[in-house]
Structure formats: structure tokens, C-alpha cells
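Data file: model-v5.cif. Format and content: mmCIF, N, CA and C atoms.
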data_protein
#
loop_
_atom_site.label_atom_id
_atom_site.label_comp_id
_atom_site.auth_asym_id
_atom_site.auth_seq_id
_atom_site.Cartn_x
_atom_site.Cartn_y
_atom_site.Cartn_z
N MET A 17 111.16 180.03 113.79
CA MET A 17 112.02 179.33 114.74
C MET A 17 113.43 179.91 114.73
N LYS A 18 113.93 180.25 113.53
CA LYS A 18 115.29 180.76 113.42
C LYS A 18 115.45 182.08 114.18
N ILE A 19 114.47 182.95 114.10
CA ILE A 19 114.53 184.22 114.81
C ILE A 19 114.46 184.00 116.31
N ALA A 20 113.63 183.06 116.74
CA ALA A 20 113.53 182.75 118.17
C ALA A 20 114.86 182.22 118.70
N VAL A 21 115.53 181.40 117.92
CA VAL A 21 116.83 180.87 118.32
C VAL A 21 117.84 182.01 118.48
N ILE A 22 117.84 182.94 117.54
CA ILE A 22 118.77 184.07 117.62
C ILE A 22 118.47 184.93 118.83
N VAL A 23 117.20 185.21 119.08
CA VAL A 23 116.82 186.06 120.22
C VAL A 23 117.21 185.40 121.54
N VAL A 24 116.87 184.14 121.70
CA VAL A 24 117.20 183.42 122.94
C VAL A 24 118.71 183.31 123.11
N ARG A 25 119.40 183.00 122.05
CA ARG A 25 120.86 182.86 122.09
C ARG A 25 121.53 184.16 122.50
N VAL A 26 121.11 185.27 121.92
CA VAL A 26 121.71 186.57 122.23
C VAL A 26 121.36 187.01 123.65
N LEU A 27 120.10 186.84 124.06
CA LEU A 27 119.72 187.20 125.43
C LEU A 27 120.52 186.41 126.46
N MET A 28 120.63 185.12 126.22
CA MET A 28 121.40 184.28 127.13
C MET A 28 122.87 184.68 127.13
N GLY A 29 123.40 184.96 125.96
CA GLY A 29 124.79 185.38 125.85
C GLY A 29 125.06 186.70 126.56
N LEU A 30 124.17 187.67 126.40
CA LEU A 30 124.34 188.96 127.07
C LEU A 30 124.25 188.82 128.57
N LEU A 31 123.34 187.97 129.04
CA LEU A 31 123.21 187.74 130.48
C LEU A 31 124.50 187.15 131.05
N PHE A 32 125.06 186.16 130.37
CA PHE A 32 126.32 185.57 130.84
C PHE A 32 127.49 186.53 130.72
N LEU A 33 127.52 187.34 129.66
CA LEU A 33 128.59 188.32 129.52
C LEU A 33 128.55 189.34 130.66
N PHE A 34 127.36 189.88 130.93
CA PHE A 34 127.24 190.86 132.01
C PHE A 34 127.62 190.25 133.35
N ALA A 35 127.12 189.05 133.63
CA ALA A 35 127.38 188.41 134.93
C ALA A 35 128.87 188.11 135.10
N SER A 36 129.51 187.64 134.05
CA SER A 36 130.92 187.26 134.18
C SER A 36 131.83 188.48 134.23
N ILE A 37 131.61 189.45 133.37
CA ILE A 37 132.47 190.64 133.35
C ILE A 37 132.34 191.43 134.64
N SER A 38 131.11 191.56 135.15
CA SER A 38 130.92 192.34 136.38
C SER A 38 131.60 191.70 137.58
N VAL A 39 131.68 190.37 137.62
CA VAL A 39 132.35 189.70 138.74
C VAL A 39 133.86 189.65 138.52
N LEU A 40 134.28 189.30 137.32
CA LEU A 40 135.72 189.18 137.06
C LEU A 40 136.47 190.50 137.24
N PHE A 41 135.82 191.60 136.88
CA PHE A 41 136.48 192.90 136.96
C PHE A 41 135.96 193.77 138.10
N ASN A 42 135.18 193.18 139.01
CA ASN A 42 134.64 193.89 140.18
C ASN A 42 133.97 195.21 139.80
N LEU A 43 133.11 195.18 138.79
CA LEU A 43 132.43 196.38 138.33
C LEU A 43 131.22 196.73 139.18
N VAL A 44 130.63 195.73 139.82
CA VAL A 44 129.44 195.94 140.64
C VAL A 44 129.78 195.50 142.06
N SER A 45 129.45 196.35 143.02
CA SER A 45 129.73 195.96 144.41
C SER A 45 128.79 194.83 144.82
N GLN A 46 129.34 193.88 145.52
CA GLN A 46 128.58 192.72 145.95
C GLN A 46 127.77 193.07 147.20
N PRO A 47 126.50 192.69 147.25
CA PRO A 47 125.70 192.97 148.45
C PRO A 47 126.16 192.12 149.62
N GLU A 48 125.81 192.55 150.80
CA GLU A 48 126.14 191.80 152.02
C GLU A 48 125.33 190.51 152.02
N LEU A 49 126.00 189.39 152.16
CA LEU A 49 125.34 188.09 152.14
C LEU A 49 125.02 187.64 153.56
N THR A 50 123.91 186.93 153.70
CA THR A 50 123.51 186.42 155.01
C THR A 50 122.97 185.00 154.86
N GLY A 51 122.92 184.29 155.95
CA GLY A 51 122.29 182.97 156.01
C GLY A 51 122.92 181.93 155.11
N LYS A 52 122.03 181.18 154.44
CA LYS A 52 122.48 180.08 153.59
C LYS A 52 123.29 180.58 152.39
N THR A 53 122.94 181.75 151.89
CA THR A 53 123.68 182.30 150.76
C THR A 53 125.13 182.58 151.14
N LYS A 54 125.33 183.14 152.33
CA LYS A 54 126.70 183.42 152.81
C LYS A 54 127.48 182.13 152.99
N SER A 55 126.84 181.12 153.57
CA SER A 55 127.51 179.83 153.77
C SER A 55 127.92 179.22 152.43
N PHE A 56 127.01 179.26 151.47
CA PHE A 56 127.29 178.70 150.15
C PHE A 56 128.45 179.43 149.48
N MET A 57 128.38 180.76 149.47
CA MET A 57 129.41 181.55 148.80
C MET A 57 130.75 181.46 149.53
N ASP A 58 130.73 181.32 150.86
CA ASP A 58 131.98 181.11 151.59
C ASP A 58 132.66 179.81 151.14
N GLY A 59 131.87 178.78 150.93
CA GLY A 59 132.41 177.50 150.45
C GLY A 59 132.97 177.60 149.04
N VAL A 60 132.24 178.28 148.16
CA VAL A 60 132.71 178.46 146.78
C VAL A 60 133.99 179.28 146.77
N ASN A 61 134.02 180.36 147.53
CA ASN A 61 135.21 181.22 147.56
C ASN A 61 136.39 180.55 148.26
N ALA A 62 136.12 179.65 149.20
CA ALA A 62 137.20 178.95 149.89
C ALA A 62 137.98 178.05 148.95
N SER A 63 137.35 177.59 147.89
CA SER A 63 138.04 176.72 146.94
C SER A 63 139.04 177.49 146.08
N VAL A 64 138.96 178.78 146.05
CA VAL A 64 139.85 179.71 145.35
C VAL A 64 139.67 179.64 143.83
N TYR A 65 139.65 178.48 143.23
CA TYR A 65 139.62 178.36 141.77
C TYR A 65 138.22 178.30 141.18
N LEU A 66 137.21 177.92 141.97
CA LEU A 66 135.90 177.60 141.42
C LEU A 66 135.18 178.81 140.82
N MET A 67 135.10 179.92 141.54
CA MET A 67 134.39 181.08 141.01
C MET A 67 135.06 181.64 139.76
N PRO A 68 136.39 181.81 139.73
CA PRO A 68 136.99 182.26 138.46
C PRO A 68 136.74 181.28 137.31
N LEU A 69 136.78 179.98 137.58
CA LEU A 69 136.51 178.99 136.54
C LEU A 69 135.09 179.14 136.00
N ILE A 70 134.14 179.29 136.89
CA ILE A 70 132.74 179.45 136.48
C ILE A 70 132.58 180.72 135.65
N LYS A 71 133.14 181.81 136.12
CA LYS A 71 132.96 183.10 135.43
C LYS A 71 133.70 183.13 134.09
N ILE A 72 134.85 182.50 133.99
CA ILE A 72 135.55 182.44 132.69
C ILE A 72 134.77 181.56 131.72
N THR A 73 134.20 180.47 132.22
CA THR A 73 133.35 179.62 131.38
C THR A 73 132.12 180.39 130.91
N GLU A 74 131.49 181.14 131.82
CA GLU A 74 130.34 181.97 131.43
C GLU A 74 130.75 183.01 130.39
N LEU A 75 131.92 183.61 130.55
CA LEU A 75 132.40 184.62 129.61
C LEU A 75 132.59 184.01 128.22
N LEU A 76 133.27 182.87 128.15
CA LEU A 76 133.53 182.23 126.86
C LEU A 76 132.24 181.77 126.19
N CYS A 77 131.34 181.19 126.97
CA CYS A 77 130.05 180.75 126.41
C CYS A 77 129.19 181.94 126.02
N GLY A 78 129.24 183.02 126.80
CA GLY A 78 128.50 184.23 126.45
C GLY A 78 128.99 184.80 125.13
N ILE A 79 130.30 184.82 124.93
CA ILE A 79 130.86 185.29 123.65
C ILE A 79 130.40 184.38 122.51
N ALA A 80 130.40 183.08 122.76
CA ALA A 80 129.94 182.13 121.72
C ALA A 80 128.47 182.35 121.39
N PHE A 81 127.64 182.57 122.39
CA PHE A 81 126.21 182.78 122.14
C PHE A 81 125.96 184.08 121.38
N VAL A 82 126.62 185.15 121.78
CA VAL A 82 126.41 186.43 121.12
C VAL A 82 126.95 186.42 119.69
N SER A 83 128.11 185.81 119.51
CA SER A 83 128.72 185.80 118.17
C SER A 83 128.08 184.77 117.24
N GLY A 84 127.51 183.73 117.80
CA GLY A 84 126.91 182.68 116.97
C GLY A 84 127.87 181.57 116.58
N PHE A 85 129.11 181.65 117.05
CA PHE A 85 130.10 180.61 116.76
C PHE A 85 130.14 179.60 117.90
N PHE A 86 130.24 178.34 117.58
CA PHE A 86 130.35 177.26 118.55
C PHE A 86 129.16 177.19 119.52
N VAL A 87 127.97 177.52 119.03
CA VAL A 87 126.78 177.53 119.89
C VAL A 87 126.46 176.14 120.44
N PRO A 88 126.50 175.06 119.63
CA PRO A 88 126.23 173.74 120.21
C PRO A 88 127.22 173.37 121.32
N LEU A 89 128.49 173.68 121.13
CA LEU A 89 129.49 173.40 122.17
C LEU A 89 129.22 174.23 123.41
N ALA A 90 128.93 175.52 123.24
CA ALA A 90 128.64 176.38 124.38
C ALA A 90 127.39 175.92 125.12
N THR A 91 126.42 175.40 124.39
CA THR A 91 125.19 174.90 125.01
C THR A 91 125.50 173.74 125.95
N ILE A 92 126.38 172.86 125.54
CA ILE A 92 126.75 171.71 126.37
C ILE A 92 127.63 172.13 127.53
N VAL A 93 128.58 173.00 127.28
CA VAL A 93 129.52 173.42 128.33
C VAL A 93 128.81 174.19 129.44
N ILE A 94 127.84 175.03 129.07
CA ILE A 94 127.19 175.88 130.06
C ILE A 94 126.05 175.15 130.79
N ALA A 95 125.64 173.99 130.32
CA ALA A 95 124.51 173.27 130.92
C ALA A 95 124.68 173.00 132.42
N PRO A 96 125.81 172.48 132.90
CA PRO A 96 125.93 172.26 134.35
C PRO A 96 125.87 173.55 135.16
N ILE A 97 126.34 174.65 134.58
CA ILE A 97 126.29 175.92 135.30
C ILE A 97 124.85 176.41 135.39
N THR A 98 124.09 176.30 134.30
CA THR A 98 122.69 176.76 134.35
C THR A 98 121.87 175.90 135.31
N ILE A 99 122.13 174.62 135.33
CA ILE A 99 121.42 173.75 136.28
C ILE A 99 121.78 174.13 137.71
N ASN A 100 123.05 174.42 137.98
CA ASN A 100 123.45 174.83 139.31
C ASN A 100 122.84 176.17 139.70
N ILE A 101 122.73 177.09 138.75
CA ILE A 101 122.07 178.38 139.03
C ILE A 101 120.62 178.14 139.43
N LEU A 102 119.93 177.28 138.70
CA LEU A 102 118.53 176.98 139.04
C LEU A 102 118.43 176.33 140.41
N LEU A 103 119.26 175.34 140.69
CA LEU A 103 119.19 174.65 141.97
C LEU A 103 119.58 175.58 143.13
N PHE A 104 120.53 176.47 142.91
CA PHE A 104 120.89 177.46 143.93
C PHE A 104 119.67 178.31 144.27
N HIS A 105 118.94 178.75 143.25
CA HIS A 105 117.80 179.61 143.49
C HIS A 105 116.57 178.85 143.99
N ILE A 106 116.55 177.56 143.82
CA ILE A 106 115.45 176.77 144.41
C ILE A 106 115.72 176.50 145.88
N PHE A 107 116.95 176.11 146.21
CA PHE A 107 117.25 175.64 147.56
C PHE A 107 117.90 176.68 148.48
N VAL A 108 118.57 177.68 147.94
CA VAL A 108 119.32 178.60 148.78
C VAL A 108 118.70 179.99 148.80
N ASP A 109 118.50 180.60 147.65
CA ASP A 109 118.01 181.97 147.57
C ASP A 109 116.98 182.07 146.45
N THR A 110 115.72 182.09 146.81
CA THR A 110 114.64 182.05 145.82
C THR A 110 114.44 183.37 145.08
N ALA A 111 115.15 184.42 145.46
CA ALA A 111 114.95 185.73 144.83
C ALA A 111 115.24 185.70 143.33
N GLY A 112 116.22 184.95 142.90
CA GLY A 112 116.60 184.91 141.48
C GLY A 112 116.02 183.75 140.72
N LEU A 113 114.98 183.13 141.24
CA LEU A 113 114.40 181.94 140.60
C LEU A 113 113.96 182.18 139.16
N PRO A 114 113.33 183.31 138.82
CA PRO A 114 112.95 183.51 137.41
C PRO A 114 114.15 183.49 136.45
N VAL A 115 115.27 184.03 136.88
CA VAL A 115 116.47 184.02 136.03
C VAL A 115 116.96 182.58 135.85
N GLY A 116 116.98 181.81 136.93
CA GLY A 116 117.39 180.41 136.84
C GLY A 116 116.50 179.60 135.92
N ILE A 117 115.19 179.82 136.03
CA ILE A 117 114.24 179.12 135.16
C ILE A 117 114.47 179.52 133.71
N PHE A 118 114.64 180.83 133.45
CA PHE A 118 114.89 181.29 132.08
C PHE A 118 116.15 180.64 131.51
N LEU A 119 117.23 180.61 132.29
CA LEU A 119 118.49 180.07 131.78
C LEU A 119 118.38 178.59 131.43
N VAL A 120 117.73 177.82 132.28
CA VAL A 120 117.58 176.38 132.00
C VAL A 120 116.68 176.16 130.79
N LEU A 121 115.56 176.89 130.72
CA LEU A 121 114.66 176.73 129.57
C LEU A 121 115.33 177.21 128.28
N ALA A 122 116.07 178.31 128.34
CA ALA A 122 116.77 178.80 127.16
C ALA A 122 117.83 177.80 126.71
N ASN A 123 118.55 177.22 127.66
CA ASN A 123 119.57 176.24 127.32
C ASN A 123 118.94 174.99 126.70
N LEU A 124 117.83 174.54 127.26
CA LEU A 124 117.12 173.39 126.68
C LEU A 124 116.61 173.72 125.28
N PHE A 125 116.12 174.93 125.09
CA PHE A 125 115.63 175.36 123.77
C PHE A 125 116.77 175.36 122.75
N LEU A 126 117.92 175.89 123.14
CA LEU A 126 119.07 175.91 122.22
C LEU A 126 119.58 174.50 121.95
N ALA A 127 119.54 173.64 122.95
CA ALA A 127 119.94 172.24 122.73
C ALA A 127 118.98 171.56 121.75
N TYR A 128 117.68 171.84 121.91
CA TYR A 128 116.69 171.27 120.99
C TYR A 128 116.89 171.81 119.58
N ALA A 129 117.17 173.11 119.47
CA ALA A 129 117.36 173.72 118.16
C ALA A 129 118.61 173.17 117.46
N ASN A 130 119.58 172.72 118.23
CA ASN A 130 120.83 172.18 117.66
C ASN A 130 120.90 170.66 117.76
N ARG A 131 119.78 170.01 117.94
CA ARG A 131 119.76 168.56 118.17
C ARG A 131 120.40 167.76 117.04
N ASP A 132 120.33 168.26 115.82
CA ASP A 132 120.94 167.54 114.70
C ASP A 132 122.47 167.48 114.83
N LYS A 133 123.04 168.46 115.46
CA LYS A 133 124.50 168.47 115.64
C LYS A 133 124.93 167.51 116.74
N PHE A 134 124.01 167.14 117.63
CA PHE A 134 124.32 166.23 118.73
C PHE A 134 124.11 164.77 118.36
N ARG A 135 123.34 164.50 117.31
CA ARG A 135 123.01 163.11 116.94
C ARG A 135 124.24 162.23 116.72
N PRO A 136 125.24 162.68 115.98
CA PRO A 136 126.42 161.80 115.79
C PRO A 136 127.12 161.47 117.10
N MET A 137 127.12 162.41 118.02
CA MET A 137 127.78 162.20 119.29
C MET A 137 127.02 161.19 120.16
N LEU A 138 125.71 161.14 119.98
CA LEU A 138 124.87 160.28 120.81
C LEU A 138 124.51 158.95 120.15
N ALA A 139 125.01 158.73 118.94
CA ALA A 139 124.69 157.49 118.22
C ALA A 139 125.43 156.31 118.85
N ALA A 140 124.70 155.22 119.01
CA ALA A 140 125.31 153.99 119.53
C ALA A 140 126.17 153.36 118.45
N LYS A 141 127.36 152.93 118.81
CA LYS A 141 128.26 152.33 117.82
C LYS A 141 128.70 150.98 118.27
#
Written as C-alpha cells, how would this file's structure read?
Amino acid sequence: MKIAVIVVRVLMGLLFLFASISVLFNLVSQPELTGKTKSFMDGVNASVYLMPLIKITELLCGIAFVSGFFVPLATIVIAPITINILLFHIFVDTAGLPVGIFLVLANLFLAYANRDKFRPMLAAK
């Protein structure tokens, strides 16, 4: 189980690092968007702050996953982003659906692996 946690954590971290660095520093040219994807991205980009916030969060969580520090915190912080990635690929652009499924399952796996660290936070008082 420990090796599986490390493999999943590092894979997820590298995926977030690549995705965030390539967008933040414009390393990869963006493809021409059409249809619902263009409408969605126009809305996200119109907010001005949302895409940089998402990518900086992905960068910080990716560093946490790869380094192994603050993994339970990164698991919680990145959860809404992974769910949004999955829902985007279900409802808007199905091409990336396997990546969305992997990210949600990997995040759930890491949350399960760190469940003991979440117990005090979830205890009724």
C-alpha cells in the first residue's frame, strides 16, 4: 500500500506540475477552442483571476505531492479542482475524460490513505 501511495502521489503531482507550469509560463501553445469549450474558457478567462488562482493552486499542490510534504492538506485543497476537471470533461469536452477520472480516483485514494489524519478534523465535539 505504501508504494502505491507514493506512485499515485508522484504521478498526480507531476501531472499538476506540468499542467500548471505549461499554462503559467505559456510553454505550450493553446489549441484553437470551439463550441462549448470556447464558451467555458471565455467565461473563466473573463474573470481574470480564476485561471491564475487555479494554476497556482495546482502548482503548490503538485509540489506538495511530489515532495511528500503536506500531502493531506494538498489532497483537500486540490479536491474541488479535480472534481471540476472531471465535470468539465463529462459535460463540456469528453476528450480528456480518462485524465479526469484518474485525478478524482487518485485524489480519493490519497484521501483514503491519509484518513487517520482527517479523523480529528471530522470528529463531532
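When all atoms listed in the file are used to compute distances to Gly51 of chain A, the closest of the residues A:Val108, A:Val115, A:Arg135, A:Val82 turns out to be A:Val108.
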Lys52 of chain A surroundings by only N, CA and C atoms, 8 Å radius, close-in-sequence under 3 positions cut, as a list in words: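 Contacts, with the query itself left out: Leu49, Ser55, Phe56, Met57, Asp58, Phe107, Val108 and Asp109 of chain A.
Residue nearest Leu30 of chain A within the list A:Ile99, A:Leu43, A:Ile94, A:Cys77: A:Cys77 [criterion: smallest interatomic distance, only N, CA and C atoms].
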Counting only C-alpha atoms, I want the residues whose atoms come within 12 Å of (131.1, 190.7, 139.2) in the file frame, returned as a PyMOL selection string. chain A and resi 32-47+67-68+70-72+74-75
Between atom CA of Leu113 of chain A and atom CA of Leu31 of chain A, distance in Å (one decimal):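 Between atom CA of Leu113 of chain A and atom CA of Leu31 of chain A the gap works out to 14.6 Å.
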Taking the chain letters and numbering used in this document, name the residues of chain A that DSSP puts in alpha helix (DSSP H), as an MDAnalysis selection string. chainID A and resid 18:40 51:62 66:83 87:107 113:129 131:138
Determine the axis-aligned bounding box of all atoms of segment 74-84 of chain A present in the file, pad each side by 3 Å, and express its centre and edge lengths in Å to one decimal place as JSON.
{"center_x": 129.7, "center_y": 183.6, "center_z": 124.2, "size_x": 13.6, "size_y": 11.7, "size_z": 21.2}
